[in-house]
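This is coords06.txt (compact mmCIF, C-alpha atoms (C1' of nucleotides)).
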```
# COMPACT_ATOMS: atom_id res chain seq x y z
CA MET T 1 0.00 0.00 0.00
CA LYS T 2 1.44 3.26 -0.98
CA ARG T 3 0.36 5.77 1.56
CA PRO T 4 -2.57 4.58 3.65
CA THR T 5 -2.40 7.90 5.45
CA PRO T 6 0.22 7.72 8.19
CA LYS T 7 -0.70 5.91 11.32
CA THR T 8 2.45 6.49 13.32
CA ARG T 9 3.03 8.38 16.50
CA SER T 10 0.63 11.17 17.27
CA ALA T 11 -0.66 11.60 13.79
CA ALA T 12 -4.14 13.05 13.85
CA PRO T 13 -5.44 13.51 17.41
CA GLY T 14 -6.68 17.02 16.87
CA ARG T 15 -6.68 20.27 18.76
CA SER T 16 -4.16 20.49 21.49
CA ARG T 17 -2.00 23.22 20.11
CA SER T 18 -2.02 25.94 22.67
CA ARG T 19 1.69 26.29 22.60
CA THR T 20 1.80 27.42 19.04
CA ALA T 21 0.98 30.85 20.37
CA PRO T 22 4.46 31.69 21.70
CA GLN T 23 5.97 32.57 18.36
CA PRO T 24 9.53 31.38 17.89
CA ALA T 25 12.46 33.52 18.84
CA ARG T 26 13.20 34.47 15.24
CA PRO T 27 10.60 36.68 13.65
CA ALA T 28 7.80 34.72 12.01
CA ALA T 29 8.94 36.32 8.78
CA SER T 30 5.62 35.46 7.24
CA ALA T 31 6.12 37.72 4.28
CA ALA T 32 3.04 36.29 2.63
CA PRO T 33 3.70 36.85 -1.07
CA ARG T 34 0.84 38.57 -2.87
CA ARG T 35 -0.90 36.49 -5.49
CA SER T 36 -3.47 37.29 -8.10
CA PRO T 37 -7.03 36.07 -7.49
CA THR T 38 -6.74 33.87 -10.54
CA GLU T 39 -3.68 32.16 -9.12
CA GLU T 40 -5.37 31.88 -5.78
CA THR T 41 -8.33 30.09 -7.36
CA ALA T 42 -6.11 27.64 -9.20
CA LEU T 43 -3.94 26.87 -6.19
CA LYS T 44 -6.96 26.31 -4.00
CA LEU T 45 -8.45 23.96 -6.55
CA TRP T 46 -5.24 21.97 -6.62
CA VAL T 47 -5.19 21.71 -2.86
CA VAL T 48 -8.79 20.61 -2.43
CA LEU T 49 -8.46 18.22 -5.34
CA THR T 50 -5.56 16.52 -3.64
CA ARG T 51 -7.23 16.53 -0.23
CA ALA T 52 -10.44 15.10 -1.57
CA GLN T 53 -8.62 12.37 -3.43
CA ASP T 54 -6.62 11.52 -0.32
CA ALA T 55 -9.72 11.42 1.86
CA VAL T 56 -11.63 9.13 -0.45
CA LYS T 57 -8.55 7.01 -1.02
CA ALA T 58 -8.25 6.47 2.71
CA HIS T 59 -11.63 4.72 2.66
CA VAL T 60 -10.78 2.73 -0.43
CA GLU T 61 -7.54 1.55 1.12
CA ALA T 62 -9.13 0.77 4.44
CA ASP T 63 -11.59 -1.42 2.59
CA ILE T 64 -8.80 -3.32 0.88
CA ALA T 65 -6.54 -3.52 3.92
CA GLY T 66 -6.26 -7.02 5.27
CA LEU T 67 -6.89 -8.67 1.94
CA GLU T 68 -3.20 -9.25 1.33
CA ILE T 69 -3.21 -7.20 -1.83
CA THR T 70 -2.30 -3.59 -2.56
CA THR T 71 -4.64 -1.06 -4.14
CA THR T 72 -2.69 -1.23 -7.37
CA GLU T 73 -3.01 -4.99 -7.45
CA PHE T 74 -6.70 -4.56 -6.74
CA GLY T 75 -6.87 -2.22 -9.72
CA ILE T 76 -5.45 -4.88 -11.98
CA LEU T 77 -7.82 -7.54 -10.71
CA GLU T 78 -10.73 -5.18 -11.16
CA ALA T 79 -9.70 -4.31 -14.70
CA LEU T 80 -9.40 -7.98 -15.63
CA TYR T 81 -12.70 -8.71 -13.92
CA HIS T 82 -14.61 -6.11 -15.84
CA ARG T 83 -12.87 -6.35 -19.18
CA GLY T 84 -11.56 -9.86 -19.47
CA PRO T 85 -7.93 -10.67 -20.34
CA LEU T 86 -5.79 -7.67 -21.19
CA LEU T 87 -2.43 -7.27 -22.87
CA LEU T 88 0.18 -6.24 -20.34
CA GLY T 89 0.63 -2.99 -22.22
CA ASP T 90 -3.07 -2.28 -21.86
CA VAL T 91 -2.89 -3.03 -18.17
CA GLN T 92 -0.11 -0.46 -17.98
CA LYS T 93 -2.25 2.18 -19.65
CA LYS T 94 -5.15 1.37 -17.40
CA ILE T 95 -3.40 1.54 -14.06
CA LEU T 96 -0.69 4.04 -14.95
CA VAL T 97 2.48 2.42 -13.77
CA SER T 98 5.78 1.91 -15.58
CA SER T 99 6.34 -1.11 -17.78
CA GLY T 100 8.60 -2.62 -15.14
CA GLY T 101 5.88 -2.02 -12.62
CA VAL T 102 3.41 -4.11 -14.59
CA THR T 103 5.85 -6.99 -14.72
CA TYR T 104 6.43 -6.70 -10.99
CA LEU T 105 2.74 -6.48 -10.10
CA VAL T 106 1.61 -9.26 -12.39
CA ASP T 107 4.42 -11.46 -11.06
CA ARG T 108 3.05 -11.03 -7.59
CA LEU T 109 -0.52 -11.72 -8.61
CA VAL T 110 0.70 -14.83 -10.39
CA ALA T 111 2.54 -15.89 -7.25
CA LYS T 112 -0.71 -15.50 -5.34
CA GLY T 113 -2.47 -17.66 -7.88
CA LEU T 114 -4.94 -14.95 -8.86
CA VAL T 115 -3.68 -14.16 -12.35
CA GLU T 116 -1.97 -16.02 -15.14
CA ARG T 117 -0.12 -14.98 -18.27
CA GLN T 118 -1.27 -16.22 -21.64
CA ASP T 119 0.58 -16.00 -24.90
CA CYS T 120 -0.93 -13.76 -27.50
CA PRO T 121 -1.61 -15.62 -30.71
CA GLY T 122 -0.58 -13.34 -33.53
CA ASP T 123 2.10 -11.41 -31.67
CA ARG T 124 4.73 -13.33 -29.84
CA ARG T 125 6.14 -10.27 -28.16
CA ALA T 126 2.88 -9.63 -26.34
CA ARG T 127 1.22 -11.48 -23.50
CA TYR T 128 -2.14 -11.37 -21.83
CA ALA T 129 -2.87 -11.18 -18.16
CA ALA T 130 -6.03 -13.07 -17.23
CA LEU T 131 -7.78 -14.01 -14.02
CA THR T 132 -7.45 -17.58 -12.85
CA PRO T 133 -10.64 -19.18 -11.55
CA ALA T 134 -9.35 -18.46 -8.04
CA GLY T 135 -8.75 -14.84 -8.99
CA ARG T 136 -12.22 -14.50 -10.45
CA THR T 137 -13.77 -15.92 -7.32
CA PHE T 138 -11.68 -13.66 -5.14
CA ILE T 139 -12.46 -10.40 -6.90
CA GLY T 140 -16.09 -11.40 -7.40
CA ARG T 141 -16.43 -11.88 -3.70
CA ILE T 142 -14.84 -8.60 -2.58
CA PHE T 143 -15.89 -6.23 -5.33
CA PRO T 144 -19.46 -5.61 -4.15
CA ARG T 145 -18.24 -4.59 -0.72
CA HIS T 146 -15.64 -2.40 -2.35
CA ALA T 147 -18.27 -0.61 -4.40
CA GLN T 148 -20.27 0.00 -1.24
CA ALA T 149 -17.22 1.46 0.48
CA ILE T 150 -16.74 3.92 -2.37
CA LEU T 151 -20.43 4.74 -2.41
CA ARG T 152 -20.18 5.54 1.26
CA ALA T 153 -16.99 7.56 0.88
CA VAL T 154 -18.53 9.92 -1.68
CA SER T 155 -21.93 10.11 -0.05
CA GLY T 156 -21.15 13.58 1.25
CA LEU T 157 -22.40 14.82 -2.10
CA THR T 158 -25.88 14.26 -3.44
CA LYS T 159 -26.21 12.25 -6.60
CA ALA T 160 -26.73 15.42 -8.62
CA GLU T 161 -23.61 16.93 -7.11
CA GLN T 162 -21.68 13.76 -7.83
CA LEU T 163 -22.70 13.99 -11.45
CA ALA T 164 -21.72 17.65 -11.60
CA ALA T 165 -18.37 16.91 -9.96
CA THR T 166 -17.76 14.03 -12.33
CA ASP T 167 -18.36 16.26 -15.32
CA LEU T 168 -16.02 18.96 -14.05
CA LEU T 169 -13.31 16.52 -13.07
CA ARG T 170 -13.50 14.67 -16.33
CA ARG T 171 -13.02 17.87 -18.25
CA LEU T 172 -10.27 19.00 -15.91
CA GLY T 173 -8.45 15.70 -16.29
CA HIS T 174 -8.80 15.59 -20.04
CA ALA T 175 -7.58 19.14 -20.43
CA ALA T 176 -4.60 18.62 -18.14
CA SER T 177 -3.64 15.39 -19.89
CA ALA T 178 -3.89 17.00 -23.29
CA LEU T 179 -1.72 19.92 -22.25
CA PRO T 180 1.96 19.34 -23.04
CA VAL T 181 3.92 18.97 -19.85
CA ALA T 182 5.89 21.98 -18.64
CA PRO T 183 8.61 23.22 -21.01
CA ALA T 184 11.77 22.46 -19.01
CA PRO T 185 13.15 25.88 -18.11
CA MET R 1 9.74 11.76 -6.76
CA LYS R 2 7.00 9.34 -6.07
CA ARG R 3 5.25 8.67 -9.30
CA PRO R 4 5.92 11.33 -11.92
CA THR R 5 3.64 9.47 -14.27
CA PRO R 6 5.52 6.69 -15.99
CA LYS R 7 7.80 7.68 -18.80
CA THR R 8 9.03 4.27 -19.71
CA ARG R 9 8.75 2.34 -22.91
CA SER R 10 5.67 2.87 -24.93
CA ALA R 11 3.67 4.49 -22.21
CA ALA R 12 1.18 6.77 -23.86
CA PRO R 13 1.70 6.85 -27.64
CA GLY R 14 -1.91 6.28 -28.50
CA ARG R 15 -3.81 4.10 -30.90
CA SER R 16 -1.84 1.32 -32.40
CA ARG R 17 -3.69 -1.63 -30.98
CA SER R 18 -4.96 -3.51 -33.92
CA ARG R 19 -3.90 -6.81 -32.54
CA THR R 20 -6.24 -6.60 -29.61
CA ALA R 21 -8.90 -7.89 -31.93
CA PRO R 22 -7.86 -11.57 -31.97
CA GLN R 23 -9.40 -12.48 -28.64
CA PRO R 24 -7.30 -14.82 -26.54
CA ALA R 25 -7.70 -18.55 -26.75
CA ARG R 26 -9.64 -18.75 -23.49
CA PRO R 27 -13.08 -17.17 -23.60
CA ALA R 28 -13.13 -13.51 -22.68
CA ALA R 29 -15.43 -14.51 -19.84
CA SER R 30 -16.48 -10.91 -19.47
CA ALA R 31 -19.33 -11.64 -17.11
CA ALA R 32 -19.83 -7.95 -16.48
CA PRO R 33 -21.51 -7.81 -13.07
CA ARG R 34 -24.67 -5.66 -12.94
CA ARG R 35 -24.45 -2.58 -10.77
CA SER R 36 -27.01 -0.09 -9.56
CA PRO R 37 -26.93 3.39 -11.13
CA THR R 38 -26.11 4.85 -7.73
CA GLU R 39 -23.04 2.66 -7.45
CA GLU R 40 -22.14 3.46 -11.01
CA THR R 41 -22.21 7.19 -10.28
CA ALA R 42 -20.04 6.81 -7.21
CA LEU R 43 -17.49 4.57 -8.92
CA LYS R 44 -17.23 6.91 -11.86
CA LEU R 45 -16.66 9.85 -9.57
CA TRP R 46 -13.87 8.00 -7.82
CA VAL R 47 -12.22 7.17 -11.12
CA VAL R 48 -12.35 10.67 -12.59
CA LEU R 49 -11.26 12.15 -9.28
CA THR R 50 -8.16 10.01 -9.33
CA ARG R 51 -7.49 10.63 -13.01
CA ALA R 52 -7.85 14.37 -12.65
CA GLN R 53 -5.56 14.47 -9.66
CA ASP R 54 -2.99 12.38 -11.49
CA ALA R 55 -3.16 14.55 -14.58
CA VAL R 56 -2.69 17.77 -12.67
CA LYS R 57 -0.02 16.21 -10.50
CA ALA R 58 1.94 15.29 -13.61
CA HIS R 59 2.28 19.00 -14.39
CA VAL R 60 3.13 19.90 -10.83
CA GLU R 61 5.85 17.27 -10.72
CA ALA R 62 7.21 18.17 -14.10
CA ASP R 63 7.58 21.72 -12.82
CA ILE R 64 9.56 20.56 -9.81
CA ALA R 65 11.68 18.03 -11.65
CA GLY R 66 15.28 19.07 -11.96
CA LEU R 67 15.28 21.17 -8.81
CA GLU R 68 16.96 18.45 -6.77
CA ILE R 69 14.05 18.19 -4.36
CA THR R 70 11.09 15.85 -4.19
CA THR R 71 7.49 17.04 -4.26
CA THR R 72 7.15 16.23 -0.58
CA GLU R 73 10.17 18.36 0.23
CA PHE R 74 8.68 21.07 -1.91
CA GLY R 75 5.50 20.82 0.15
CA ILE R 76 7.44 21.45 3.32
CA LEU R 77 9.27 24.42 1.88
CA GLU R 78 6.03 25.86 0.62
CA ALA R 79 4.32 25.43 3.98
CA LEU R 80 7.18 27.15 5.78
CA TYR R 81 7.22 29.88 3.17
CA HIS R 82 3.57 30.71 3.54
CA ARG R 83 3.14 30.15 7.24
CA GLY R 84 6.48 30.81 8.82
CA PRO R 85 8.18 28.34 11.17
CA LEU R 86 6.11 25.30 12.03
CA LEU R 87 6.37 22.72 14.76
CA LEU R 88 7.48 19.43 13.28
CA GLY R 89 4.19 17.89 14.36
CA ASP R 90 2.33 20.54 12.43
CA VAL R 91 4.47 19.88 9.41
CA GLN R 92 3.44 16.26 9.70
CA LYS R 93 -0.26 17.14 9.76
CA LYS R 94 0.20 19.46 6.82
CA ILE R 95 2.00 17.15 4.48
CA LEU R 96 0.60 13.85 5.73
CA VAL R 97 3.65 11.70 6.20
CA SER R 98 4.65 9.53 9.11
CA SER R 99 6.51 10.97 12.09
CA GLY R 100 9.66 9.20 11.02
CA GLY R 101 9.12 10.65 7.59
CA VAL R 102 9.16 14.20 8.90
CA THR R 103 12.46 13.60 10.64
CA TYR R 104 13.84 12.05 7.47
CA LEU R 105 12.62 14.83 5.20
CA VAL R 106 13.66 17.69 7.45
CA ASP R 107 17.07 16.08 7.85
CA ARG R 108 17.49 16.18 4.11
CA LEU R 109 16.36 19.76 3.81
CA VAL R 110 18.76 20.68 6.59
CA ALA R 111 21.55 18.88 4.75
CA LYS R 112 20.72 20.97 1.70
CA GLY R 113 20.92 24.11 3.78
CA LEU R 114 17.33 25.13 3.08
CA VAL R 115 15.80 24.52 6.50
CA GLU R 116 16.94 24.70 10.10
CA ARG R 117 15.55 23.42 13.36
CA GLN R 118 14.85 25.83 16.19
CA ASP R 119 14.07 25.05 19.79
CA CYS R 120 10.61 25.95 20.93
CA PRO R 121 10.66 28.29 23.90
CA GLY R 122 7.90 27.17 26.20
CA ASP R 123 7.99 23.50 25.26
CA ARG R 124 11.32 21.89 25.22
CA ARG R 125 10.03 18.67 23.72
CA ALA R 126 8.98 20.45 20.57
CA ARG R 127 11.03 21.95 17.77
CA TYR R 128 10.34 24.23 14.90
CA ALA R 129 11.34 23.82 11.31
CA ALA R 130 12.11 27.15 9.69
CA LEU R 131 13.49 28.30 6.37
CA THR R 132 17.07 29.46 6.30
CA PRO R 133 17.75 32.59 4.26
CA ALA R 134 18.94 30.32 1.47
CA GLY R 135 15.76 28.31 1.72
CA ARG R 136 13.61 31.42 1.60
CA THR R 137 15.45 32.65 -1.45
CA PHE R 138 15.14 29.29 -3.12
CA ILE R 139 11.42 28.82 -2.63
CA GLY R 140 10.74 32.50 -3.29
CA ARG R 141 12.44 32.13 -6.61
CA ILE R 142 10.66 29.00 -7.76
CA PHE R 143 7.22 29.44 -6.26
CA PRO R 144 5.88 31.94 -8.79
CA ARG R 145 6.73 29.65 -11.64
CA HIS R 146 5.14 26.81 -9.73
CA ALA R 147 1.93 28.76 -9.31
CA GLN R 148 1.89 29.44 -13.01
CA ALA R 149 2.32 25.75 -13.77
CA ILE R 150 -0.70 24.95 -11.62
CA LEU R 151 -2.69 27.76 -13.17
CA ARG R 152 -1.91 26.32 -16.55
CA ALA R 153 -2.70 22.76 -15.50
CA VAL R 154 -6.21 23.64 -14.34
CA SER R 155 -6.93 26.10 -17.11
CA GLY R 156 -9.18 23.59 -18.81
CA LEU R 157 -11.93 24.90 -16.58
CA THR R 158 -13.15 28.48 -16.55
CA LYS R 159 -12.71 30.40 -13.36
CA ALA R 160 -16.37 29.92 -12.48
CA GLU R 161 -16.02 26.20 -13.04
CA GLN R 162 -12.89 26.13 -10.93
CA LEU R 163 -14.79 27.75 -8.10
CA ALA R 164 -17.66 25.31 -8.48
CA ALA R 165 -15.26 22.37 -8.52
CA THR R 166 -13.45 23.72 -5.47
CA ASP R 167 -16.71 23.94 -3.56
CA LEU R 168 -17.75 20.40 -4.48
CA LEU R 169 -14.35 18.93 -3.76
CA ARG R 170 -14.03 20.72 -0.46
CA ARG R 171 -17.33 19.30 0.68
CA LEU R 172 -16.50 15.88 -0.66
CA GLY R 173 -13.18 15.88 1.14
CA HIS R 174 -14.60 17.13 4.40
CA ALA R 175 -17.38 14.57 4.37
CA ALA R 176 -15.05 11.70 3.55
CA SER R 177 -12.59 12.75 6.25
CA ALA R 178 -15.35 13.05 8.82
CA LEU R 179 -16.72 9.62 8.01
CA PRO R 180 -15.26 6.92 10.22
CA VAL R 181 -13.06 4.63 8.21
CA ALA R 182 -14.49 1.29 7.11
CA PRO R 183 -15.42 -1.05 9.96
CA ALA R 184 -12.89 -3.84 9.49
CA PRO R 185 -15.02 -6.85 8.48
C1' DG Z 1 14.72 -11.12 -48.29
C1' DC Z 2 17.22 -7.78 -45.34
C1' DC Z 3 17.52 -4.45 -42.04
C1' DA Z 4 16.35 -0.35 -39.33
C1' DA Z 5 12.95 1.22 -36.47
C1' DG Z 6 9.36 0.28 -33.51
C1' DT Z 7 6.88 -2.35 -29.94
C1' DA Z 8 6.32 -5.54 -25.79
C1' DT Z 9 8.12 -7.34 -21.92
C1' DC Z 10 11.62 -8.28 -18.56
C1' DT Z 11 15.81 -7.22 -15.67
C1' DT Z 12 18.52 -4.56 -12.60
C1' DA Z 13 19.63 -1.19 -9.43
C1' DG Z 14 17.99 2.52 -6.92
C1' DT Z 15 14.70 5.69 -4.35
C1' DA Z 16 11.49 7.67 -1.21
C1' DC Z 17 9.40 6.67 1.55
C1' DT Z 18 6.47 3.41 5.50
C1' DG Z 19 5.80 0.80 9.80
C1' DT Z 20 7.40 -0.77 14.04
C1' DG Z 21 9.42 -0.30 18.03
C1' DA Z 22 12.54 1.66 21.24
C1' DT Z 23 14.65 5.91 23.59
C1' DG Z 24 14.85 10.27 25.78
C1' DT Z 25 12.78 14.39 27.20
C1' DT Z 26 9.08 17.18 28.81
C1' DT Z 27 4.47 18.25 30.24
C1' DG Z 28 -0.16 18.17 32.39
C1' DT Z 29 -2.81 15.75 35.66
C1' DA Z 30 -4.16 12.98 39.70
C1' DT S 1 5.43 13.12 43.55
C1' DA S 2 4.22 9.83 40.38
C1' DC S 3 2.64 8.78 35.88
C1' DA S 4 0.36 8.79 31.48
C1' DA S 5 0.60 11.05 27.37
C1' DA S 6 2.87 14.14 23.90
C1' DC S 7 6.93 15.43 20.94
C1' DA S 8 10.83 14.32 18.49
C1' DT S 9 14.28 11.02 17.13
C1' DC S 10 16.64 6.89 15.66
C1' DA S 11 17.40 2.29 13.68
C1' DC S 12 16.12 -0.87 10.56
C1' DA S 13 13.76 -3.94 7.73
C1' DG S 14 10.47 -3.78 4.11
C1' DT S 15 7.59 -2.01 0.14
C1' DA S 16 6.02 -0.30 -4.14
C1' DC S 17 7.42 1.44 -7.08
C1' DT S 18 10.79 4.11 -11.03
C1' DA S 19 14.35 4.78 -14.77
C1' DA S 20 17.26 2.84 -17.79
C1' DG S 21 18.75 -0.61 -20.40
C1' DA S 22 18.56 -5.41 -22.37
C1' DT S 23 16.19 -8.87 -25.03
C1' DA S 24 12.91 -10.65 -28.17
C1' DC S 25 9.85 -10.16 -31.68
C1' DT S 26 7.36 -7.52 -35.58
C1' DT S 27 6.79 -4.25 -39.22
C1' DG S 28 7.58 -1.43 -43.19
C1' DG S 29 10.56 0.12 -46.77
C1' DC S 30 13.77 -0.90 -50.08
```
Any chance you could give the structure as structure tokens?
Amino acid sequence: MKRPTPKTRSAAPGRSRSRTAPQPARPAASAAPRRSPTEETALKLWVVLTRAQDAVKAHVEADIAGLEITTTEFGILEALYHRGPLLLGDVQKKILVSSGGVTYLVDRLVAKGLVERQDCPGDRRARYAALTPAGRTFIGRIFPRHAQAILRAVSGLTKAEQLAATDLLRRLGHAASALPVAPAP
Amino acid sequence: MKRPTPKTRSAAPGRSRSRTAPQPARPAASAAPRRSPTEETALKLWVVLTRAQDAVKAHVEADIAGLEITTTEFGILEALYHRGPLLLGDVQKKILVSSGGVTYLVDRLVAKGLVERQDCPGDRRARYAALTPAGRTFIGRIFPRHAQAILRAVSGLTKAEQLAATDLLRRLGHAASALPVAPAP
DNA sequence: GCCAAGTATCTTAGTACTGTGATGTTTGTA
DNA sequence: TACAAACATCACAGTACTAAGATACTTGGC
């Protein structure tokens, strides 16, 4: 699991800061740099986008915790469950990891007996990943609960709001993906 | 850098799959499980939320690449820049890493001469992290460009849409955070 | 038919963390 | 005065990846 939101020493337990008041010896030097309202809007969007994703992800990961698989592995199983066998390259595009990462992840799922590789007739470079019967049973058993966990995690918005958010986020994502990545300065 | 969106072999370069047609020997077995529309809406939201965050993050990380710091380190510098010295515990809450992670990250920033630790008068257990003059200069120099990169990354939405998305995401995030995490089954 | 270029996967080494658990210091409370 | 709880730190094994390169196969042009 990548970052199931830190659980270590004294992580969250809220309000207790009463000592923050005594400002440090050195001046706070909080020379808050002025920013345009347009920048402010964009930065705020980036922050809440990240926070929202983290918050929902925490529920998704909590749901998967204890199943002996990572969220990324879950993503592969889910993709194979809903789409049938996929070329490893297509798995890569779907879950957004490096090519080496796909090899690594599929190796582990194979070791767990959930996935198998199949040769691709017609292109001997390529290979499919496919669920084994055990893998199909496994994902079929846990997916419904998983869907409920997500449903619950996003239930802070009404269905209409969820649809509105989906539309905005889809367009945001598409636009950002289409945009060429920063011209190295 | 954690996952600057894979750059490896044949990652994105679109449509070329013409070999996907010959379905694998084994039956596709695509027993697509029926789902309620409510579930469908929630799952879709989760997917586009993650995709959008990833897409924007790719720009953010591309902007930081080559500066010899990771995005997490950047987050610390930015927090100190905009808020002044912070207790290490507050840094932890801000950037969401483990307690050991804060020590590790601050150590590295100290080694780079960008941050220093200061004792906290009034609580001798606690310590502040604060920018050094070099650190302030560094972040002050790169932050404006960073803000522009974010501005650009989210420019697929109009300002009004950005505000609407911010409102929805803020409420989504708050609700998800407030919700107790899945009851371990 | 030959070969360069392209595509698919795998291998290797490295990185940025995490989690656990222990240690020391300090603080607020009983 | 004791004692639990908070803050930071350290040590260390482990994890989920990444980037870069190697290998194997395929394709398109000549």
Review point. For chain Z, which residues have at least one atom within 8 Å of chain R, if we go by all atoms listed in the file? Write them as a ChimeraX atom specification, please.
Key: /Z:7,16-18,25-26
Point to revise | Check: which chain S residues lie within 12 Å of chain R using all atoms listed in the file, as a ChimeraX atom specification | key: /S:6-12,16-21,26
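Put simply, CA of Val110 in chain R is 16.1 Å away from CA of Thr71 in chain R.
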Check your understanding: Suppose you want the space between CA of Leu86 in chain T and CA of Arg108 in chain T; what is it in Å?
Key ->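 Result for CA of Leu86 in chain T versus CA of Arg108 in chain T: 16.6 Å, one decimal.
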Practice item. Quick one: everything within 8 Å of Leu169 in chain T, counting all atoms listed in the file, minus sequence neighbours fewer than 6 positions away in the same chain. Send it as a ChimeraX atom specification. Key: /R:48-49,52,165
**Study point:** Nearest-residue call for chain T, choices R:Ala160, R:Ile139, R:Ala42, R:Val91, using only C-alpha atoms
**Key:**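 Smallest separation from chain T among the options: R:Ala42.
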Could you build a table of the residues in chain R lying no more than 7 Å from chain T, giving for each the nearest pair of atoms and their separation in Å rounded to one decimal place, using all atoms listed in the file, ordered by chain and ascending residue number, as a Markdown table?
```
| residue | atom | partner | partner_atom | distance |
| --- | --- | --- | --- | --- |
| R:Thr5 | CA | T:Leu96 | CA | 7.0 |
| R:Pro6 | CA | T:Ser98 | CA | 4.8 |
| R:Lys7 | CA | T:Ser98 | CA | 6.9 |
| R:Thr8 | CA | T:Ser98 | CA | 5.8 |
| R:Arg9 | CA | T:Ser99 | CA | 6.6 |
| R:Ala11 | CA | T:Lys93 | CA | 6.9 |
| R:Pro24 | CA | T:Cys120 | CA | 6.5 |
| R:Ala28 | CA | T:Gly84 | CA | 5.1 |
| R:Ala29 | CA | T:Gly84 | CA | 6.1 |
| R:Ser30 | CA | T:Gly84 | CA | 5.0 |
| R:Ala32 | CA | T:His82 | CA | 5.6 |
| R:Glu39 | CA | T:Leu151 | CA | 6.0 |
| R:Thr41 | CA | T:Leu163 | CA | 6.9 |
| R:Ala42 | CA | T:Leu151 | CA | 5.2 |
| R:Leu43 | CA | T:Ile150 | CA | 6.6 |
| R:Leu45 | CA | T:Thr166 | CA | 5.1 |
| R:Val48 | CA | T:Arg170 | CA | 5.6 |
| R:Leu49 | CA | T:Leu169 | CA | 6.1 |
| R:Thr50 | CA | T:Gln53 | CA | 6.4 |
| R:Arg51 | CA | T:Gly173 | CA | 6.1 |
| R:Ala52 | CA | T:Gly173 | CA | 3.9 |
| R:Gln53 | CA | T:Thr50 | CA | 6.4 |
| R:Ala55 | CA | T:Ser177 | CA | 5.4 |
| R:Val56 | CA | T:Ala176 | CA | 5.9 |
| R:His59 | CA | T:Val181 | CA | 5.7 |
| R:Ala62 | CA | T:Ala182 | CA | 6.1 |
| R:Asp63 | CA | T:Ala182 | CA | 6.1 |
| R:His82 | CA | T:Ala32 | CA | 5.7 |
| R:Arg83 | CA | T:Ser30 | CA | 5.9 |
| R:Gly84 | CA | T:Ser30 | CA | 5.0 |
| R:Pro85 | CA | T:Ala28 | CA | 6.4 |
| R:Lys93 | CA | T:Ala11 | CA | 6.9 |
| R:Leu96 | CA | T:Pro6 | CA | 6.6 |
| R:Val97 | CA | T:Pro6 | CA | 5.6 |
| R:Ser98 | CA | T:Pro6 | CA | 4.9 |
| R:Ser99 | CA | T:Thr8 | CA | 6.2 |
| R:Cys120 | CA | T:Pro24 | CA | 6.3 |
| R:Pro121 | CA | T:Pro24 | CA | 6.9 |
| R:Ala147 | CA | T:Glu39 | CA | 6.6 |
| R:Ile150 | CA | T:Ala42 | CA | 6.5 |
| R:Leu151 | CA | T:Ala42 | CA | 5.2 |
| R:Ala153 | CA | T:Ala176 | CA | 5.3 |
| R:Val154 | CA | T:Leu172 | CA | 6.4 |
| R:Gly156 | CA | T:Ala175 | CA | 5.0 |
| R:Leu157 | CA | T:Leu172 | CA | 6.2 |
| R:Gln162 | CA | T:Leu45 | CA | 6.6 |
| R:Leu163 | CA | T:Thr41 | CA | 6.9 |
| R:Ala165 | CA | T:Ala165 | CA | 6.4 |
| R:Thr166 | CA | T:Leu45 | CA | 5.1 |
| R:Leu168 | CA | T:Ala165 | CA | 6.5 |
| R:Leu169 | CA | T:Ala52 | CA | 5.9 |
| R:Arg170 | CA | T:Val48 | CA | 5.6 |
| R:Arg171 | CA | T:Gly156 | CA | 6.9 |
| R:Leu172 | CA | T:Gly156 | CA | 5.5 |
| R:Gly173 | CA | T:Ala52 | CA | 3.9 |
| R:Ala175 | CA | T:Gly156 | CA | 5.0 |
| R:Ala176 | CA | T:Ala153 | CA | 5.3 |
| R:Ser177 | CA | T:Ala55 | CA | 5.4 |
| R:Val181 | CA | T:His59 | CA | 5.7 |
| R:Ala182 | CA | T:Ala62 | CA | 6.0 |
```
Exercise for review: Give me, please, the distance in Å between CA of Thr137 in chain T and CA of Val106 in chain T, quoted to one decimal.
Suggested key: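 If I compute the distance from CA of Thr137 in chain T to CA of Val106 in chain T, I get 17.5 Å.
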**Study point:** Within 12 Å of DG28 in chain S using all atoms listed in the file, minus same-chain residues under 6 positions, as a list in words
**Key:**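 So, after excluding close chain neighbours, the residues are DC2, DC3, DA4, DA5 and DG6 of chain Z.
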